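K.L.:
Got my_file20.txt for you, compact mmCIF, C-alpha atoms (C1' of nucleotides):
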# COMPACT_ATOMS: atom_id res chain seq x y z
CA MET A 756 3.09 -11.32 -43.69
CA ASN A 757 5.26 -9.67 -41.11
CA GLU A 758 7.60 -11.04 -38.49
CA ARG A 759 4.97 -11.15 -35.76
CA ASN A 760 2.67 -13.32 -37.82
CA GLU A 761 5.47 -15.65 -38.70
CA THR A 762 6.09 -16.08 -35.03
CA LEU A 763 2.63 -17.11 -33.96
CA HIS A 764 2.29 -19.25 -37.05
CA ASP A 765 5.49 -21.00 -36.16
CA GLU A 766 4.67 -21.35 -32.48
CA LEU A 767 1.74 -23.51 -33.46
CA LYS A 768 3.55 -25.33 -36.27
CA ARG A 769 0.60 -24.58 -38.50
CA THR A 770 0.72 -25.94 -42.01
CA ARG A 771 -1.52 -23.27 -43.48
CA PRO A 772 -2.28 -19.61 -42.84
CA PHE A 773 -4.98 -18.32 -40.56
CA ARG A 774 -8.45 -18.13 -42.04
CA SER A 775 -8.80 -14.53 -40.94
CA PRO A 776 -7.32 -11.89 -38.63
CA THR A 777 -10.22 -12.81 -36.38
CA GLU A 778 -9.06 -16.38 -36.04
CA GLU A 779 -5.49 -15.29 -35.50
CA ALA A 780 -6.49 -12.84 -32.81
CA THR A 781 -8.55 -15.33 -30.81
CA VAL A 782 -5.73 -17.86 -31.01
CA ALA A 783 -3.26 -15.19 -29.94
CA ILE A 784 -5.31 -14.27 -26.88
CA LEU A 785 -5.74 -17.87 -25.80
CA ARG A 786 -2.07 -18.63 -26.38
CA THR A 787 -0.90 -15.55 -24.51
CA ALA A 788 -3.12 -16.34 -21.52
CA ASP A 789 -1.64 -19.84 -21.52
CA VAL A 790 1.90 -18.50 -21.48
CA LEU A 791 1.06 -16.19 -18.58
CA ARG A 792 -0.65 -18.97 -16.65
CA ARG A 793 2.41 -21.17 -16.95
CA ARG A 794 4.74 -18.40 -15.82
CA PHE A 795 2.63 -17.64 -12.78
CA ALA A 796 2.30 -21.32 -11.97
CA ALA A 797 6.08 -21.60 -12.05
CA VAL A 798 6.38 -18.67 -9.64
CA VAL A 799 4.00 -20.02 -7.01
CA ALA A 800 4.79 -23.72 -7.35
CA PRO A 801 7.92 -23.58 -5.16
CA TYR A 802 5.67 -22.36 -2.35
CA GLY A 803 3.40 -25.39 -2.66
CA ILE A 804 0.35 -23.67 -4.07
CA THR A 805 -1.24 -23.06 -7.47
CA PRO A 806 -2.17 -19.75 -9.10
CA GLN A 807 -5.85 -20.28 -8.26
CA GLN A 808 -5.03 -20.92 -4.62
CA TYR A 809 -2.91 -17.79 -4.63
CA ASN A 810 -5.88 -15.87 -6.03
CA VAL A 811 -8.18 -17.12 -3.32
CA LEU A 812 -5.69 -16.17 -0.62
CA ARG A 813 -5.38 -12.68 -2.06
CA ILE A 814 -9.13 -12.29 -2.20
CA LEU A 815 -9.40 -13.32 1.44
CA ARG A 816 -6.59 -11.01 2.45
CA GLY A 817 -8.40 -8.21 0.63
CA ALA A 818 -11.38 -8.76 2.93
CA ARG A 819 -9.17 -7.59 5.83
CA GLY A 820 -10.47 -9.94 8.47
CA LYS A 821 -14.09 -9.77 7.41
CA PRO A 822 -15.44 -13.18 6.45
CA LEU A 823 -16.25 -14.03 2.84
CA CYS A 824 -18.62 -16.84 2.03
CA THR A 825 -18.05 -19.39 -0.70
CA LEU A 826 -20.26 -17.74 -3.29
CA ALA A 827 -18.60 -14.35 -2.78
CA ILE A 828 -15.20 -15.88 -3.45
CA GLY A 829 -16.58 -17.68 -6.47
CA SER A 830 -17.96 -14.53 -8.02
CA ARG A 831 -14.57 -12.84 -7.69
CA LEU A 832 -12.88 -15.83 -9.29
CA ILE A 833 -15.54 -16.03 -11.99
CA GLU A 834 -15.93 -19.67 -11.19
CA GLN A 835 -18.75 -22.04 -10.34
CA THR A 836 -19.34 -22.85 -6.69
CA PRO A 837 -18.36 -26.52 -6.82
CA GLY A 838 -14.84 -25.64 -7.86
CA VAL A 839 -14.58 -23.07 -5.09
CA THR A 840 -15.69 -25.53 -2.43
CA ARG A 841 -12.94 -27.93 -3.38
CA LEU A 842 -10.38 -25.17 -3.77
CA LEU A 843 -11.15 -24.11 -0.20
CA ASP A 844 -10.98 -27.75 0.94
CA ARG A 845 -7.38 -27.93 -0.25
CA LEU A 846 -6.41 -24.58 1.23
CA GLU A 847 -7.95 -25.56 4.55
CA ARG A 848 -6.03 -28.84 4.52
CA LYS A 849 -2.83 -26.82 4.12
CA GLY A 850 -3.81 -24.60 7.04
CA LEU A 851 -3.92 -21.45 4.90
CA VAL A 852 -7.65 -20.90 5.26
CA ARG A 853 -10.20 -21.38 8.03
CA ARG A 854 -13.94 -21.97 7.52
CA GLU A 855 -16.88 -21.89 9.84
CA ARG A 856 -20.60 -22.28 9.44
CA CYS A 857 -22.28 -18.90 9.95
CA ALA A 858 -24.44 -18.88 13.07
CA GLN A 859 -26.90 -16.26 11.79
CA ASP A 860 -27.54 -18.04 8.49
CA ARG A 861 -26.46 -21.62 8.75
CA ARG A 862 -26.50 -22.06 4.96
CA GLU A 863 -23.45 -19.85 4.65
CA VAL A 864 -19.84 -20.81 5.25
CA HIS A 865 -17.53 -18.02 6.33
CA CYS A 866 -13.95 -18.17 5.08
CA PHE A 867 -10.89 -16.43 6.50
CA ILE A 868 -7.21 -16.46 5.67
CA THR A 869 -5.04 -17.77 8.51
CA PRO A 870 -1.82 -16.17 9.80
CA ALA A 871 0.08 -18.89 7.93
CA GLY A 872 -1.77 -17.85 4.79
CA LEU A 873 -0.91 -14.20 5.27
CA GLU A 874 2.69 -15.06 5.92
CA LEU A 875 2.84 -17.11 2.73
CA LEU A 876 1.38 -14.23 0.71
CA ASP A 877 3.99 -11.88 2.13
CA ARG A 878 6.76 -14.16 0.95
CA LEU A 879 5.11 -14.71 -2.43
CA ASP A 880 3.96 -11.24 -3.45
CA PRO A 881 7.31 -9.81 -4.59
CA ALA A 882 8.02 -12.72 -6.93
CA PHE A 883 4.50 -12.61 -8.32
CA GLU A 884 4.57 -8.89 -8.97
CA GLU A 885 7.96 -9.22 -10.58
CA ALA A 886 6.50 -11.83 -12.96
CA GLU A 887 3.62 -9.51 -13.83
CA ASP A 888 5.96 -6.64 -14.50
CA ALA A 889 8.32 -8.78 -16.54
CA ALA A 890 5.52 -9.95 -18.81
CA LEU A 891 4.57 -6.40 -19.75
CA ARG A 892 8.11 -5.00 -19.82
CA GLY A 893 8.10 -4.68 -23.59
CA LEU A 894 5.09 -2.36 -23.73
CA ASP A 895 4.99 1.31 -22.88
CA ASP A 896 2.10 2.90 -20.96
CA ASP A 897 0.11 3.86 -24.03
CA GLU A 898 0.39 0.41 -25.47
CA VAL A 899 -0.81 -1.18 -22.24
CA ASP A 900 -3.69 1.25 -22.22
CA GLY A 901 -4.68 0.39 -25.77
CA LEU A 902 -4.38 -3.30 -25.00
CA LEU A 903 -6.72 -2.98 -22.00
CA ASP A 904 -9.21 -1.08 -24.09
CA ARG A 905 -9.28 -3.65 -26.88
CA LEU A 906 -9.55 -6.61 -24.52
CA ALA A 907 -12.40 -4.92 -22.67
CA ARG A 908 -14.29 -4.51 -25.94
CA ILE A 909 -13.76 -8.17 -26.79
CA ARG A 910 -15.10 -9.26 -23.42
CA ALA A 911 -18.07 -6.96 -23.85
CA ALA A 912 -18.84 -8.22 -27.36
CA GLU A 913 -22.20 -9.87 -27.94
CA MET B 1397 -10.10 6.22 -13.98
CA ASN B 1398 -12.04 5.72 -17.18
CA GLU B 1399 -15.06 3.64 -18.06
CA ARG B 1400 -13.04 0.67 -19.24
CA ASN B 1401 -11.20 0.36 -15.97
CA GLU B 1402 -14.41 0.62 -14.02
CA THR B 1403 -15.71 -2.28 -16.01
CA LEU B 1404 -12.92 -4.76 -15.34
CA HIS B 1405 -12.79 -3.63 -11.74
CA ASP B 1406 -16.47 -4.30 -11.41
CA GLU B 1407 -16.36 -7.60 -13.26
CA LEU B 1408 -14.11 -8.94 -10.52
CA LYS B 1409 -15.95 -7.20 -7.67
CA ARG B 1410 -12.61 -5.95 -6.45
CA THR B 1411 -12.58 -3.94 -3.28
CA ARG B 1412 -9.45 -2.00 -4.11
CA PRO B 1413 -7.73 -0.70 -7.23
CA PHE B 1414 -5.12 -2.59 -9.22
CA ARG B 1415 -1.61 -2.37 -7.91
CA SER B 1416 -0.32 -1.36 -11.33
CA PRO B 1417 -1.25 -1.24 -15.03
CA THR B 1418 0.84 -4.37 -15.24
CA GLU B 1419 -1.38 -6.26 -12.86
CA GLU B 1420 -4.48 -4.99 -14.56
CA ALA B 1421 -3.19 -6.05 -17.97
CA THR B 1422 -2.33 -9.59 -16.94
CA VAL B 1423 -5.71 -9.98 -15.28
CA ALA B 1424 -7.39 -8.58 -18.39
CA ILE B 1425 -5.65 -11.08 -20.66
CA LEU B 1426 -6.50 -14.05 -18.46
CA ARG B 1427 -10.10 -12.90 -18.08
CA THR B 1428 -10.54 -12.30 -21.79
CA ALA B 1429 -9.17 -15.71 -22.65
CA ASP B 1430 -11.61 -17.19 -20.16
CA VAL B 1431 -14.54 -15.41 -21.78
CA LEU B 1432 -13.49 -16.66 -25.21
CA ARG B 1433 -13.02 -20.21 -23.96
CA ARG B 1434 -16.51 -20.25 -22.53
CA ARG B 1435 -18.03 -18.90 -25.73
CA PHE B 1436 -16.29 -21.49 -27.85
CA ALA B 1437 -17.22 -24.25 -25.43
CA ALA B 1438 -20.85 -23.19 -25.74
CA VAL B 1439 -20.60 -23.36 -29.53
CA VAL B 1440 -19.17 -26.87 -29.72
CA ALA B 1441 -20.98 -28.41 -26.74
CA PRO B 1442 -24.22 -29.10 -28.67
CA TYR B 1443 -22.16 -31.29 -30.98
CA GLY B 1444 -20.91 -33.40 -28.09
CA ILE B 1445 -17.28 -32.27 -28.10
CA THR B 1446 -15.09 -29.77 -26.27
CA PRO B 1447 -12.98 -26.98 -27.72
CA GLN B 1448 -9.81 -29.04 -27.25
CA GLN B 1449 -11.31 -31.96 -29.10
CA TYR B 1450 -12.36 -29.60 -31.86
CA ASN B 1451 -8.78 -28.34 -32.04
CA VAL B 1452 -7.41 -31.83 -32.38
CA LEU B 1453 -9.87 -32.66 -35.14
CA ARG B 1454 -8.89 -29.51 -37.02
CA ILE B 1455 -5.22 -30.33 -36.68
CA LEU B 1456 -5.82 -33.81 -38.04
CA ARG B 1457 -7.93 -32.47 -40.90
CA GLY B 1458 -5.11 -30.06 -41.70
CA ALA B 1459 -2.81 -33.04 -42.22
CA ARG B 1460 -4.98 -33.97 -45.22
CA GLY B 1461 -4.87 -37.72 -44.83
CA LYS B 1462 -1.25 -37.90 -43.75
CA PRO B 1463 -0.86 -39.46 -40.30
CA LEU B 1464 0.21 -37.35 -37.32
CA CYS B 1465 1.71 -39.01 -34.30
CA THR B 1466 0.80 -38.12 -30.74
CA LEU B 1467 3.77 -35.86 -30.09
CA ALA B 1468 3.16 -33.90 -33.28
CA ILE B 1469 -0.40 -33.19 -32.20
CA GLY B 1470 0.81 -32.25 -28.74
CA SER B 1471 3.30 -29.74 -30.05
CA ARG B 1472 0.58 -28.02 -32.07
CA LEU B 1473 -1.67 -27.91 -29.03
CA ILE B 1474 1.21 -26.75 -26.84
CA GLU B 1475 0.34 -29.52 -24.43
CA GLN B 1476 2.13 -32.35 -22.67
CA THR B 1477 1.88 -35.86 -24.11
CA PRO B 1478 -0.19 -37.41 -21.31
CA GLY B 1479 -3.04 -35.03 -21.96
CA VAL B 1480 -2.92 -35.69 -25.68
CA THR B 1481 -3.05 -39.44 -25.23
CA ARG B 1482 -6.23 -39.20 -23.20
CA LEU B 1483 -7.72 -36.59 -25.52
CA LEU B 1484 -7.22 -39.02 -28.38
CA ASP B 1485 -8.66 -41.85 -26.28
CA ARG B 1486 -11.90 -39.92 -25.95
CA LEU B 1487 -12.03 -38.95 -29.61
CA GLU B 1488 -11.38 -42.53 -30.65
CA ARG B 1489 -14.18 -43.74 -28.37
CA LYS B 1490 -16.51 -41.34 -30.19
CA GLY B 1491 -15.36 -42.70 -33.54
CA LEU B 1492 -13.98 -39.33 -34.66
CA VAL B 1493 -10.35 -40.42 -34.76
CA ARG B 1494 -8.50 -43.60 -35.68
CA ARG B 1495 -5.08 -44.68 -34.35
CA GLU B 1496 -2.62 -47.32 -35.38
CA ARG B 1497 0.83 -48.33 -34.29
CA CYS B 1498 3.34 -47.37 -37.00
CA ALA B 1499 4.92 -50.45 -38.59
CA GLN B 1500 8.22 -48.73 -39.50
CA ASP B 1501 8.79 -47.32 -36.02
CA ARG B 1502 6.69 -49.17 -33.52
CA ARG B 1503 7.16 -46.49 -30.89
CA GLU B 1504 4.97 -44.12 -32.86
CA VAL B 1505 1.19 -44.05 -33.00
CA HIS B 1506 -0.33 -42.66 -36.18
CA CYS B 1507 -3.55 -40.69 -35.83
CA PHE B 1508 -6.14 -39.91 -38.48
CA ILE B 1509 -9.48 -38.16 -38.52
CA THR B 1510 -12.35 -40.44 -39.55
CA PRO B 1511 -15.08 -39.60 -42.09
CA ALA B 1512 -17.41 -39.07 -39.13
CA GLY B 1513 -14.88 -36.60 -37.72
CA LEU B 1514 -14.67 -34.71 -41.00
CA GLU B 1515 -18.41 -34.60 -41.27
CA LEU B 1516 -18.69 -33.20 -37.76
CA LEU B 1517 -16.15 -30.48 -38.55
CA ASP B 1518 -18.11 -29.50 -41.63
CA ARG B 1519 -21.22 -29.00 -39.56
CA LEU B 1520 -19.32 -27.17 -36.82
CA ASP B 1521 -17.03 -24.82 -38.73
CA PRO B 1522 -19.56 -22.13 -39.64
CA ALA B 1523 -20.76 -21.68 -36.06
CA PHE B 1524 -17.21 -21.62 -34.75
CA GLU B 1525 -16.05 -19.05 -37.28
CA GLU B 1526 -19.09 -16.94 -36.54
CA ALA B 1527 -18.14 -16.96 -32.84
CA GLU B 1528 -14.58 -15.89 -33.69
CA ASP B 1529 -15.83 -13.07 -35.86
CA ALA B 1530 -18.38 -11.94 -33.30
CA ALA B 1531 -15.75 -11.66 -30.58
CA LEU B 1532 -13.64 -9.28 -32.62
CA ARG B 1533 -16.53 -7.39 -34.21
CA GLY B 1534 -15.86 -4.27 -32.16
CA LEU B 1535 -12.29 -3.81 -33.42
CA ASP B 1536 -11.20 -2.49 -36.78
CA ASP B 1537 -8.29 -3.97 -38.74
CA ASP B 1538 -5.66 -1.66 -37.32
CA GLU B 1539 -6.77 -2.36 -33.78
CA VAL B 1540 -6.60 -6.11 -34.34
CA ASP B 1541 -3.16 -5.65 -35.79
CA GLY B 1542 -1.96 -3.68 -32.80
CA LEU B 1543 -3.47 -6.23 -30.47
CA LEU B 1544 -1.63 -9.08 -32.19
CA ASP B 1545 1.60 -7.19 -32.01
CA ARG B 1546 1.32 -6.46 -28.30
CA LEU B 1547 0.30 -10.00 -27.40
CA ALA B 1548 3.22 -11.37 -29.40
CA ARG B 1549 5.61 -9.18 -27.44
CA ILE B 1550 4.13 -10.37 -24.16
CA ARG B 1551 4.56 -13.99 -25.16
CA ALA B 1552 8.12 -13.28 -26.23
CA ALA B 1553 8.97 -11.45 -22.99
CA GLU B 1554 11.74 -12.85 -20.81
C1' DC C 1481 -47.77 -20.50 11.25
C1' DC C 1482 -46.88 -23.54 7.36
C1' DC C 1483 -45.37 -24.90 2.97
C1' DG C 1484 -43.33 -24.12 -1.45
C1' DA C 1485 -39.65 -21.29 -3.48
C1' DA C 1486 -35.19 -19.49 -3.14
C1' DT C 1487 -30.45 -19.69 -1.35
C1' DA C 1488 -25.90 -21.58 -0.24
C1' DC C 1489 -23.57 -25.00 -0.60
C1' DT C 1490 -22.04 -30.10 -1.38
C1' DT C 1491 -21.34 -34.33 -4.06
C1' DG C 1492 -20.58 -37.14 -8.08
C1' DA C 1493 -19.02 -37.64 -12.61
C1' DC C 1494 -16.28 -36.26 -16.39
C1' DA C 1495 -12.83 -33.33 -19.28
C1' DC C 1496 -8.44 -31.30 -19.05
C1' DG C 1497 -3.45 -30.02 -17.85
C1' DT C 1498 0.65 -31.33 -15.37
C1' DC C 1499 4.21 -33.90 -12.92
C1' DA C 1500 6.68 -38.05 -11.96
C1' DC C 1501 7.57 -42.31 -13.48
C1' DC C 1502 7.42 -46.54 -16.38
C1' DT C 1503 7.53 -49.31 -20.90
C1' DA C 1504 8.64 -50.29 -25.53
C1' DT C 1505 11.54 -49.30 -29.33
C1' DT C 1506 15.08 -47.55 -31.94
C1' DC C 1507 19.68 -45.26 -32.36
C1' DG C 1508 24.41 -44.79 -32.24
C1' DC C 1509 28.86 -45.79 -31.16
C1' DG C 1510 32.55 -48.54 -29.47
C1' DC D 919 27.02 -56.85 -32.81
C1' DG D 920 25.65 -55.15 -28.18
C1' DC D 921 24.44 -52.07 -24.83
C1' DG D 922 23.41 -47.60 -22.93
C1' DA D 923 21.09 -43.32 -24.36
C1' DA D 924 17.44 -41.20 -26.63
C1' DT D 925 12.65 -41.22 -28.31
C1' DA D 926 7.51 -42.05 -28.33
C1' DG D 927 4.06 -43.00 -25.43
C1' DG D 928 1.22 -44.65 -21.58
C1' DT D 929 -0.13 -44.56 -16.28
C1' DG D 930 -1.17 -42.78 -11.81
C1' DA D 931 -2.20 -39.08 -9.04
C1' DC D 932 -3.65 -34.51 -8.23
C1' DG D 933 -5.61 -29.70 -9.14
C1' DT D 934 -9.25 -27.42 -11.46
C1' DG D 935 -13.62 -26.23 -14.27
C1' DT D 936 -18.33 -27.63 -15.30
C1' DC D 937 -22.87 -29.80 -15.22
C1' DA D 938 -26.49 -32.16 -12.88
C1' DA D 939 -28.42 -33.39 -8.57
C1' DG D 940 -29.03 -33.48 -3.77
C1' DT D 941 -29.13 -31.35 1.14
C1' DA D 942 -29.73 -27.98 4.61
C1' DT D 943 -31.69 -23.53 5.69
C1' DT D 944 -34.13 -19.48 5.32
C1' DC D 945 -37.73 -16.59 3.18
C1' DG D 946 -42.27 -15.11 1.93
C1' DG D 947 -47.00 -15.29 0.93
C1' DG D 948 -51.47 -17.07 2.16
Write out the structure in this file as structure tokens.
P.N.:
Amino acid sequence: MNERNETLHDELKRTRPFRSPTEEATVAILRTADVLRRRFAAVVAPYGITPQQYNVLRILRGARGKPLCTLAIGSRLIEQTPGVTRLLDRLERKGLVRRERCAQDRREVHCFITPAGLELLDRLDPAFEEAEDAALRGLDDDEVDGLLDRLARIRAAE
Amino acid sequence: MNERNETLHDELKRTRPFRSPTEEATVAILRTADVLRRRFAAVVAPYGITPQQYNVLRILRGARGKPLCTLAIGSRLIEQTPGVTRLLDRLERKGLVRRERCAQDRREVHCFITPAGLELLDRLDPAFEEAEDAALRGLDDDEVDGLLDRLARIRAAE
DNA sequence: CCCGAATACTTGACACGTCACCTATTCGCG
DNA sequence: CGCGAATAGGTGACGTGTCAAGTATTCGGG
């Protein structure tokens, strides 16, 4: 068992070895995602928002003024609608997002990012990008490429 | 841009390319973990528990009859105490876990898995292991090894 | 044109994760 | 021994993800 395995094994204070490389790999992916989530949460927290709220704001900014309805945001977040509705509720309460019932199809709710939201993103982006870069600092381009390829195949599995 | 990039780009319905390989990689890790979480949740749901509850039961089984106190379980889950307390509350309500105040040090709470808990794990393990194997089916041993190495370096970053 | 099916949410209930704070014990040192 | 610090947990409140239902609208076929 090499150093890397010792590390993950120790991180989890496991009393016995992994059943298989398969088990170790799934645990490693989940653990790594957790570490990243915490780092990103720490970056955005001082600005009074969460990583998910930051995601929504970026999605709305990406729409460049064109409205996005709740379902469209949800599909980009890979999340169920109910969660999105409440996420937008909180962002609206903070004045970072504006919503209005669509006149053409009154079932839809159009969402926009407000100037305050855009301003917050401007202040936040550098720190966020720095965190992304820092996380991958140890890998060279080929390694990142291989990582992306393997993860894509795992997502595609079954 | 290759096929793999197209895929992740499309999965998220993004309107513009990733800022950097770094951004793409962090998104890929978070997305992959999400996919795995959902698959595992689907495996354990028919048995009336969640993946986290399954984890706790496995940790307690690993103790082989020796008690584990709340903090010890939390450190293996990489989770704060409050969450663990309530996780155990739910497992105890289902009769899968038993708790008792330690007589030697009355601050501690000793946790054990019950026979019903062990029996549930026995029924659940094969399906769970099958899901783990299926997720990694597309990668050969060397690729899994490389993946583990890269993820470990990301977790260690900073 | 009308009604049942689809669509776009919304609400309620529950499982987590996290922070801030509080309680009960035990430790350790003067 | 006695008291303040450290340790183990529990509580409350909030953000988020998910399922099951419910509501408001629009669509589409007869």
K.L.:
Find, counting all atoms listed in the file, the residue in B:Val1452, B:Leu1464, B:Ala1553, B:Ala1499 that gets nearest to chain A.
P.N.:
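The answer is B:Ala1553, which sits nearest to chain A.
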K.L.:
Produce a table with one row for each residue of chain B that has an atom at most 9 Å from any atom of chain A, each row naming the nearest atom pair and its distance in Å at one decimal; use only C-alpha atoms; arrange rows by chain and rising residue number; format as JSON lines.
P.N.:
{"residue": "B:Arg1400", "atom": "CA", "partner": "A:Asp904", "partner_atom": "CA", "distance": 6.4}
{"residue": "B:Asn1401", "atom": "CA", "partner": "A:Leu903", "partner_atom": "CA", "distance": 8.2}
{"residue": "B:Thr1403", "atom": "CA", "partner": "A:Ala907", "partner_atom": "CA", "distance": 7.9}
{"residue": "B:Leu1404", "atom": "CA", "partner": "A:Ala907", "partner_atom": "CA", "distance": 7.4}
{"residue": "B:Glu1407", "atom": "CA", "partner": "A:Arg831", "partner_atom": "CA", "distance": 7.9}
{"residue": "B:Leu1408", "atom": "CA", "partner": "A:Arg831", "partner_atom": "CA", "distance": 4.8}
{"residue": "B:Lys1409", "atom": "CA", "partner": "A:Arg831", "partner_atom": "CA", "distance": 5.8}
{"residue": "B:Arg1410", "atom": "CA", "partner": "A:Arg831", "partner_atom": "CA", "distance": 7.3}
{"residue": "B:Thr1411", "atom": "CA", "partner": "A:Gly817", "partner_atom": "CA", "distance": 7.1}
{"residue": "B:Arg1412", "atom": "CA", "partner": "A:Gly817", "partner_atom": "CA", "distance": 7.9}
{"residue": "B:Ser1416", "atom": "CA", "partner": "A:Asp888", "partner_atom": "CA", "distance": 8.8}
{"residue": "B:Pro1417", "atom": "CA", "partner": "A:Val899", "partner_atom": "CA", "distance": 7.2}
{"residue": "B:Thr1418", "atom": "CA", "partner": "A:Asp888", "partner_atom": "CA", "distance": 5.6}
{"residue": "B:Glu1419", "atom": "CA", "partner": "A:Glu887", "partner_atom": "CA", "distance": 6.0}
{"residue": "B:Glu1420", "atom": "CA", "partner": "A:Leu903", "partner_atom": "CA", "distance": 8.0}
{"residue": "B:Ala1421", "atom": "CA", "partner": "A:Leu903", "partner_atom": "CA", "distance": 6.2}
{"residue": "B:Thr1422", "atom": "CA", "partner": "A:Glu887", "partner_atom": "CA", "distance": 6.7}
{"residue": "B:Ala1424", "atom": "CA", "partner": "A:Leu903", "partner_atom": "CA", "distance": 6.7}
{"residue": "B:Ile1425", "atom": "CA", "partner": "A:Ala788", "partner_atom": "CA", "distance": 5.9}
{"residue": "B:Leu1426", "atom": "CA", "partner": "A:Ala788", "partner_atom": "CA", "distance": 5.1}
{"residue": "B:Arg1427", "atom": "CA", "partner": "A:Arg910", "partner_atom": "CA", "distance": 8.2}
{"residue": "B:Thr1428", "atom": "CA", "partner": "A:Arg910", "partner_atom": "CA", "distance": 5.7}
{"residue": "B:Ala1429", "atom": "CA", "partner": "A:Leu785", "partner_atom": "CA", "distance": 5.1}
{"residue": "B:Asp1430", "atom": "CA", "partner": "A:Leu785", "partner_atom": "CA", "distance": 8.2}
{"residue": "B:Val1431", "atom": "CA", "partner": "A:Arg910", "partner_atom": "CA", "distance": 6.4}
{"residue": "B:Leu1432", "atom": "CA", "partner": "A:Thr781", "partner_atom": "CA", "distance": 7.6}
{"residue": "B:Arg1433", "atom": "CA", "partner": "A:Leu785", "partner_atom": "CA", "distance": 7.9}
{"residue": "B:Ile1455", "atom": "CA", "partner": "A:Arg769", "partner_atom": "CA", "distance": 8.4}
{"residue": "B:Gly1458", "atom": "CA", "partner": "A:Thr770", "partner_atom": "CA", "distance": 7.1}
{"residue": "B:Ala1459", "atom": "CA", "partner": "A:Thr770", "partner_atom": "CA", "distance": 7.9}
{"residue": "B:Ser1471", "atom": "CA", "partner": "A:Leu767", "partner_atom": "CA", "distance": 7.3}
{"residue": "B:Arg1472", "atom": "CA", "partner": "A:Leu767", "partner_atom": "CA", "distance": 4.9}
{"residue": "B:Leu1473", "atom": "CA", "partner": "A:Leu767", "partner_atom": "CA", "distance": 7.1}
{"residue": "B:Ile1474", "atom": "CA", "partner": "A:Leu767", "partner_atom": "CA", "distance": 7.4}
{"residue": "B:Glu1525", "atom": "CA", "partner": "A:Glu778", "partner_atom": "CA", "distance": 7.6}
{"residue": "B:Glu1528", "atom": "CA", "partner": "A:Thr777", "partner_atom": "CA", "distance": 6.0}
{"residue": "B:Asp1529", "atom": "CA", "partner": "A:Thr777", "partner_atom": "CA", "distance": 5.6}
{"residue": "B:Ala1530", "atom": "CA", "partner": "A:Glu913", "partner_atom": "CA", "distance": 6.9}
{"residue": "B:Ala1531", "atom": "CA", "partner": "A:Ile909", "partner_atom": "CA", "distance": 5.5}
{"residue": "B:Leu1532", "atom": "CA", "partner": "A:Ile909", "partner_atom": "CA", "distance": 5.9}
{"residue": "B:Arg1533", "atom": "CA", "partner": "A:Ala912", "partner_atom": "CA", "distance": 7.3}
{"residue": "B:Gly1534", "atom": "CA", "partner": "A:Arg908", "partner_atom": "CA", "distance": 6.4}
{"residue": "B:Leu1535", "atom": "CA", "partner": "A:Arg905", "partner_atom": "CA", "distance": 7.2}
{"residue": "B:Asp1537", "atom": "CA", "partner": "A:Pro776", "partner_atom": "CA", "distance": 8.0}
{"residue": "B:Glu1539", "atom": "CA", "partner": "A:Arg905", "partner_atom": "CA", "distance": 7.5}
{"residue": "B:Val1540", "atom": "CA", "partner": "A:Ala780", "partner_atom": "CA", "distance": 6.9}
{"residue": "B:Asp1541", "atom": "CA", "partner": "A:Pro776", "partner_atom": "CA", "distance": 8.0}
{"residue": "B:Gly1542", "atom": "CA", "partner": "A:Leu902", "partner_atom": "CA", "distance": 8.2}
{"residue": "B:Leu1543", "atom": "CA", "partner": "A:Leu902", "partner_atom": "CA", "distance": 6.3}
{"residue": "B:Leu1544", "atom": "CA", "partner": "A:Ala780", "partner_atom": "CA", "distance": 6.2}
{"residue": "B:Asp1545", "atom": "CA", "partner": "A:Arg759", "partner_atom": "CA", "distance": 6.4}
{"residue": "B:Arg1546", "atom": "CA", "partner": "A:Leu894", "partner_atom": "CA", "distance": 7.2}
{"residue": "B:Leu1547", "atom": "CA", "partner": "A:Thr787", "partner_atom": "CA", "distance": 6.4}
{"residue": "B:Ala1548", "atom": "CA", "partner": "A:Arg759", "partner_atom": "CA", "distance": 6.6}
{"residue": "B:Arg1549", "atom": "CA", "partner": "A:Gly893", "partner_atom": "CA", "distance": 6.4}
{"residue": "B:Ile1550", "atom": "CA", "partner": "A:Ala890", "partner_atom": "CA", "distance": 5.5}
{"residue": "B:Arg1551", "atom": "CA", "partner": "A:Thr787", "partner_atom": "CA", "distance": 5.7}
{"residue": "B:Ala1552", "atom": "CA", "partner": "A:Ala890", "partner_atom": "CA", "distance": 8.5}
{"residue": "B:Ala1553", "atom": "CA", "partner": "A:Ala890", "partner_atom": "CA", "distance": 5.6}
{"residue": "B:Glu1554", "atom": "CA", "partner": "A:Ala889", "partner_atom": "CA", "distance": 6.8}
K.L.:
Of the candidates B:Pro1442, B:Pro1478, B:Pro1511, B:Pro1463, which shows the shortest atom-to-atom distance to chain C, using all atoms listed in the file?
P.N.:
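The closest residue to chain C is B:Pro1478.
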K.L.:
Could you please tell me, as a list in words, which residues of chain B have an atom within 10 Å of chain C when using only C-alpha atoms (C1' of nucleotides)?
P.N.:
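So the residues of chain B near chain C are Ile1445, Thr1446, Gln1448, Glu1475, Gln1476, Thr1477, Pro1478, Gly1479, Val1480, Arg1482, Leu1483, Arg1486, Asp1501, Arg1502, Arg1503 and Glu1504 of chain B.
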K.L.:
Skipping near chain neighbours, those fewer than 2 positions away, what residues fall within 12 Å of B:Glu1488 using only C-alpha atoms (C1' of nucleotides), listed as a list in words?
P.N.:
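After dropping sequence-adjacent residues, the list is Gln1449, Val1452, Leu1453, Val1480, Thr1481, Arg1482, Leu1483, Leu1484, Asp1485, Arg1486, Lys1490, Gly1491, Leu1492, Val1493, Arg1494, Arg1495, Glu1496, Cys1507, Phe1508, Ile1509, Thr1510, Ala1512 and Gly1513 of chain B.
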